[in-house]
$ cat entry21.txt   # compact mmCIF, C-alpha atoms
# COMPACT_ATOMS: atom_id res chain seq x y z
CA MET U 1 0.00 0.00 0.00
CA TYR U 2 1.29 3.47 -0.83
CA ASP U 3 1.63 6.09 1.89
CA SER U 4 1.33 9.41 0.07
CA ARG U 5 2.71 11.47 2.95
CA THR U 6 6.08 9.76 3.09
CA GLY U 7 6.27 8.21 -0.38
CA GLU U 8 6.77 4.77 1.15
CA ILE U 9 5.29 1.51 0.03
CA VAL U 10 4.16 -0.53 3.05
CA CYS U 11 3.07 -4.16 3.40
CA ASP U 12 -0.70 -4.70 3.20
CA VAL U 13 -0.60 -7.30 5.97
CA CYS U 14 1.81 -6.07 8.63
CA GLY U 15 2.41 -2.44 7.62
CA ASP U 16 6.22 -2.72 7.52
CA PRO U 17 7.91 -0.44 4.96
CA ILE U 18 8.95 -2.18 1.74
CA GLY U 19 10.60 0.70 -0.09
CA ASN U 20 10.47 4.38 -0.89
CA ILE U 21 9.28 5.70 -4.25
CA ASN U 22 11.29 8.88 -3.84
CA GLY U 23 14.53 6.89 -3.53
CA ASN U 24 16.63 5.43 -6.32
CA GLY U 25 14.72 2.11 -6.35
CA ASN U 26 12.84 0.72 -9.31
CA PHE U 27 9.54 2.66 -9.23
CA PHE U 28 7.50 0.10 -11.18
CA ALA U 29 8.75 -2.85 -9.13
CA LEU U 30 7.87 -1.01 -5.93
CA ILE U 31 4.34 0.00 -6.89
CA ARG U 32 3.52 -3.62 -7.80
CA THR U 33 4.75 -4.98 -4.48
CA LYS U 34 1.99 -5.61 -1.95
CA TYR U 35 3.69 -7.69 0.72
CA CYS U 36 7.01 -7.76 2.55
CA ASP U 37 9.21 -10.84 2.26
CA ASN U 38 7.89 -12.31 5.50
CA CYS U 39 4.21 -11.91 4.57
CA ARG U 40 4.55 -12.83 0.87
CA THR U 41 4.70 -16.60 1.40
CA ARG U 42 1.81 -16.58 3.87
CA ALA U 43 -0.32 -14.40 1.58
CA ARG U 44 0.44 -16.61 -1.43
CA ARG U 45 -0.41 -19.73 0.58
CA ASP U 46 -3.71 -18.18 1.67
CA GLN U 47 -4.55 -17.22 -1.92
CA VAL U 48 -3.85 -20.74 -3.16
CA ARG U 49 -5.94 -22.23 -0.34
CA GLN U 50 -8.85 -19.96 -1.23
CA ALA U 51 -8.55 -20.80 -4.93
CA VAL U 52 -8.55 -24.54 -4.18
CA ARG U 53 -11.54 -24.14 -1.85
CA ASP U 54 -13.45 -22.22 -4.52
CA PHE U 55 -12.53 -24.85 -7.13
CA ARG U 56 -13.77 -27.67 -4.91
CA ASP U 57 -17.01 -25.84 -4.12
CA ARG U 58 -17.62 -25.18 -7.80
CA ASN U 59 -16.99 -28.82 -8.68
CA GLN U 60 -19.24 -30.01 -5.86
CA LYS U 61 -22.11 -27.85 -7.14
CA GLU U 62 -21.55 -29.11 -10.69
CA ARG U 63 -21.52 -32.73 -9.51
CA LYS U 64 -24.71 -32.22 -7.50
CA LEU U 65 -26.46 -30.69 -10.52
CA LYS U 66 -25.21 -33.50 -12.74
CA ASP U 67 -26.50 -36.12 -10.29
CA GLU U 68 -29.91 -34.44 -10.13
CA ARG U 69 -30.15 -34.37 -13.92
CA LEU U 70 -29.10 -38.01 -14.11
CA LYS U 71 -31.78 -39.01 -11.60
CA LEU U 72 -34.46 -37.12 -13.56
CA LEU U 73 -33.35 -38.77 -16.81
CA GLU U 74 -33.45 -42.20 -15.19
CA GLU U 75 -37.00 -41.57 -13.97
CA GLU U 76 -38.05 -40.33 -17.39
CA ASN U 77 -36.45 -43.35 -19.03
CA GLU U 78 -38.29 -45.71 -16.69
CA LEU U 79 -41.63 -44.03 -17.47
CA LEU U 80 -40.94 -44.28 -21.21
CA ARG U 81 -40.10 -47.98 -20.89
CA GLU U 82 -43.36 -48.60 -19.08
CA ARG U 83 -45.23 -46.69 -21.79
CA VAL U 84 -43.57 -48.70 -24.56
CA ILE U 85 -44.44 -51.96 -22.84
CA GLU U 86 -48.02 -50.77 -22.43
CA LEU U 87 -48.26 -49.85 -26.12
CA LYS U 88 -46.83 -53.21 -27.17
CA ASN U 89 -49.38 -55.02 -25.03
CA ASN U 90 -52.22 -52.98 -26.53
CA GLN U 91 -51.08 -53.75 -30.10
CA GLU U 92 -50.95 -57.48 -29.43
CA VAL U 93 -54.61 -57.50 -28.42
CA PHE U 94 -55.73 -56.20 -31.80

$ encode --input "entry21.txt" --output "structure tokens"
Amino acid sequence: MYDSRTGEIVCDVCGDPIGNINGNGNFFALIRTKYCDNCRTRARRDQVRQAVRDFRDRNQKERKLKDERLKLLEEENELLRERVIELKNNQEVF
């Protein structure tokens, strides 16, 4: 996060200074940096955990929907089989 009063870039998690824009450092590298070295690995790990959790939730919803559709199709198929058998029996009478 950028502190406009001092020109410093500070860590979003702990607030420690990362660098100063007014110094001789690489301006573009500094403005992209969000976390200090200590917080970077923890933040990355948390982001990956959240992405995996979201992925699993999405897949679980898709599987549940797929199972519901499959069950409906099986019921429909069973009703159609019964109807075909009924029609065959009616044709044999005539």

$ closest_residue --input "entry21.txt" --among "U:Ile9, U:Leu72, U:Leu65, U:Ile18" --to "Asn38 in chain U" --atoms "all atoms listed in the file"
U:Ile18

$ residues_around --input "entry21.txt" --residues "Asp16 in chain U" --least-positions-apart "4" --cutoff "8 Å" --atoms "only C-alpha atoms" --output "PyMOL selection string"
chain U and resi 10-11+36

$ residues_around --input "entry21.txt" --residues "Cys39 in chain U" --least-positions-apart "2" --cutoff "10 Å" --atoms "only C-alpha atoms" --output "mmCIF file with C-alpha atoms, in the coordinates of the input"
data_model
loop_
_atom_site.group_PDB
_atom_site.id
_atom_site.type_symbol
_atom_site.label_atom_id
_atom_site.label_comp_id
_atom_site.auth_asym_id
_atom_site.auth_seq_id
_atom_site.Cartn_x
_atom_site.Cartn_y
_atom_site.Cartn_z
ATOM 1 C CA CYS U 11 3.070 -4.160 3.400
ATOM 2 C CA ASP U 12 -0.700 -4.700 3.200
ATOM 3 C CA VAL U 13 -0.600 -7.300 5.970
ATOM 4 C CA CYS U 14 1.810 -6.070 8.630
ATOM 5 C CA ASP U 16 6.220 -2.720 7.520
ATOM 6 C CA LYS U 34 1.990 -5.610 -1.950
ATOM 7 C CA TYR U 35 3.690 -7.690 0.720
ATOM 8 C CA CYS U 36 7.010 -7.760 2.550
ATOM 9 C CA ASP U 37 9.210 -10.840 2.260
ATOM 10 C CA THR U 41 4.700 -16.600 1.400
ATOM 11 C CA ARG U 42 1.810 -16.580 3.870
ATOM 12 C CA ALA U 43 -0.320 -14.400 1.580
ATOM 13 C CA ARG U 44 0.440 -16.610 -1.430
ATOM 14 C CA ARG U 45 -0.410 -19.730 0.580
#

$ atom_distance --input "entry21.txt" --atom1 "CA of Gln47 in chain U" --atom2 "CA of Gly15 in chain U"
18.9 Å

$ atom_distance --input "entry21.txt" --atom1 "CA of Ile21 in chain U" --atom2 "CA of Glu8 in chain U"
6.0 Å

$ atom_distance --input "entry21.txt" --atom1 "CA of Ala51 in chain U" --atom2 "CA of Arg69 in chain U"
27.0 Å

$ decode --input "entry21.txt" --residues "range 35-75 of chain U" --atoms "N, CA and C atoms" --output "short mmCIF file (atom, residue, chain, number, x, y, z; two decimals), in the first residue's frame"
data_model
loop_
_atom_site.label_atom_id
_atom_site.label_comp_id
_atom_site.auth_asym_id
_atom_site.auth_seq_id
_atom_site.Cartn_x
_atom_site.Cartn_y
_atom_site.Cartn_z
N TYR U 35 3.34 -7.06 -0.53
CA TYR U 35 3.69 -7.69 0.72
C TYR U 35 5.20 -7.67 0.94
N CYS U 36 5.59 -7.65 2.22
CA CYS U 36 7.01 -7.76 2.55
C CYS U 36 7.43 -9.22 2.36
N ASP U 37 8.73 -9.48 2.48
CA ASP U 37 9.21 -10.84 2.26
C ASP U 37 8.61 -11.83 3.25
N ASN U 38 8.43 -11.41 4.49
CA ASN U 38 7.89 -12.31 5.50
C ASN U 38 6.43 -12.65 5.24
N CYS U 39 5.66 -11.70 4.77
CA CYS U 39 4.21 -11.91 4.57
C CYS U 39 3.90 -12.49 3.19
N ARG U 40 4.81 -12.41 2.25
CA ARG U 40 4.55 -12.83 0.87
C ARG U 40 4.19 -14.31 0.80
N THR U 41 4.97 -15.17 1.48
CA THR U 41 4.70 -16.60 1.40
C THR U 41 3.37 -16.94 2.05
N ARG U 42 3.07 -16.32 3.19
CA ARG U 42 1.81 -16.58 3.87
C ARG U 42 0.63 -16.11 3.03
N ALA U 43 0.77 -14.93 2.42
CA ALA U 43 -0.32 -14.40 1.58
C ALA U 43 -0.54 -15.29 0.36
N ARG U 44 0.55 -15.74 -0.25
CA ARG U 44 0.44 -16.61 -1.43
C ARG U 44 -0.23 -17.93 -1.04
N ARG U 45 0.16 -18.47 0.10
CA ARG U 45 -0.41 -19.73 0.58
C ARG U 45 -1.91 -19.56 0.83
N ASP U 46 -2.29 -18.44 1.42
CA ASP U 46 -3.71 -18.18 1.67
C ASP U 46 -4.49 -18.04 0.37
N GLN U 47 -3.88 -17.38 -0.63
CA GLN U 47 -4.55 -17.22 -1.92
C GLN U 47 -4.75 -18.56 -2.61
N VAL U 48 -3.74 -19.42 -2.53
CA VAL U 48 -3.85 -20.74 -3.16
C VAL U 48 -4.91 -21.56 -2.44
N ARG U 49 -4.92 -21.50 -1.10
CA ARG U 49 -5.94 -22.23 -0.34
C ARG U 49 -7.34 -21.79 -0.73
N GLN U 50 -7.54 -20.49 -0.86
CA GLN U 50 -8.85 -19.96 -1.23
C GLN U 50 -9.24 -20.39 -2.64
N ALA U 51 -8.27 -20.38 -3.56
CA ALA U 51 -8.55 -20.80 -4.93
C ALA U 51 -8.93 -22.28 -4.98
N VAL U 52 -8.23 -23.11 -4.22
CA VAL U 52 -8.55 -24.54 -4.18
C VAL U 52 -9.92 -24.76 -3.56
N ARG U 53 -10.23 -24.02 -2.50
CA ARG U 53 -11.54 -24.14 -1.85
C ARG U 53 -12.65 -23.75 -2.82
N ASP U 54 -12.45 -22.65 -3.54
CA ASP U 54 -13.45 -22.22 -4.52
C ASP U 54 -13.62 -23.26 -5.63
N PHE U 55 -12.50 -23.83 -6.09
CA PHE U 55 -12.53 -24.85 -7.13
C PHE U 55 -13.32 -26.07 -6.67
N ARG U 56 -13.07 -26.51 -5.44
CA ARG U 56 -13.77 -27.67 -4.91
C ARG U 56 -15.26 -27.39 -4.74
N ASP U 57 -15.59 -26.21 -4.27
CA ASP U 57 -17.01 -25.84 -4.12
C ASP U 57 -17.72 -25.81 -5.46
N ARG U 58 -17.05 -25.24 -6.46
CA ARG U 58 -17.62 -25.18 -7.80
C ARG U 58 -17.85 -26.59 -8.35
N ASN U 59 -16.85 -27.45 -8.18
CA ASN U 59 -16.99 -28.82 -8.68
C ASN U 59 -18.08 -29.58 -7.94
N GLN U 60 -18.21 -29.35 -6.64
CA GLN U 60 -19.24 -30.01 -5.86
C GLN U 60 -20.63 -29.59 -6.35
N LYS U 61 -20.82 -28.32 -6.62
CA LYS U 61 -22.11 -27.85 -7.14
C LYS U 61 -22.40 -28.46 -8.51
N GLU U 62 -21.37 -28.53 -9.36
CA GLU U 62 -21.55 -29.11 -10.69
C GLU U 62 -21.91 -30.59 -10.59
N ARG U 63 -21.22 -31.32 -9.69
CA ARG U 63 -21.52 -32.73 -9.51
C ARG U 63 -22.94 -32.94 -8.99
N LYS U 64 -23.36 -32.10 -8.06
CA LYS U 64 -24.71 -32.22 -7.50
C LYS U 64 -25.75 -31.99 -8.60
N LEU U 65 -25.54 -30.97 -9.42
CA LEU U 65 -26.46 -30.69 -10.52
C LEU U 65 -26.48 -31.84 -11.52
N LYS U 66 -25.31 -32.38 -11.81
CA LYS U 66 -25.21 -33.50 -12.74
C LYS U 66 -25.95 -34.72 -12.20
N ASP U 67 -25.80 -34.99 -10.90
CA ASP U 67 -26.50 -36.12 -10.29
C ASP U 67 -28.01 -35.93 -10.32
N GLU U 68 -28.48 -34.72 -10.07
CA GLU U 68 -29.91 -34.44 -10.13
C GLU U 68 -30.46 -34.66 -11.54
N ARG U 69 -29.71 -34.18 -12.53
CA ARG U 69 -30.15 -34.37 -13.92
C ARG U 69 -30.18 -35.85 -14.28
N LEU U 70 -29.16 -36.59 -13.82
CA LEU U 70 -29.10 -38.01 -14.11
C LEU U 70 -30.30 -38.73 -13.49
N LYS U 71 -30.64 -38.38 -12.28
CA LYS U 71 -31.78 -39.01 -11.60
C LYS U 71 -33.08 -38.71 -12.36
N LEU U 72 -33.26 -37.47 -12.80
CA LEU U 72 -34.46 -37.12 -13.56
C LEU U 72 -34.52 -37.88 -14.88
N LEU U 73 -33.38 -38.03 -15.55
CA LEU U 73 -33.35 -38.77 -16.81
C LEU U 73 -33.65 -40.25 -16.59
N GLU U 74 -33.16 -40.81 -15.49
CA GLU U 74 -33.45 -42.20 -15.19
C GLU U 74 -34.94 -42.40 -14.94
N GLU U 75 -35.56 -41.48 -14.22
CA GLU U 75 -37.00 -41.57 -13.97
C GLU U 75 -37.79 -41.45 -15.27
#
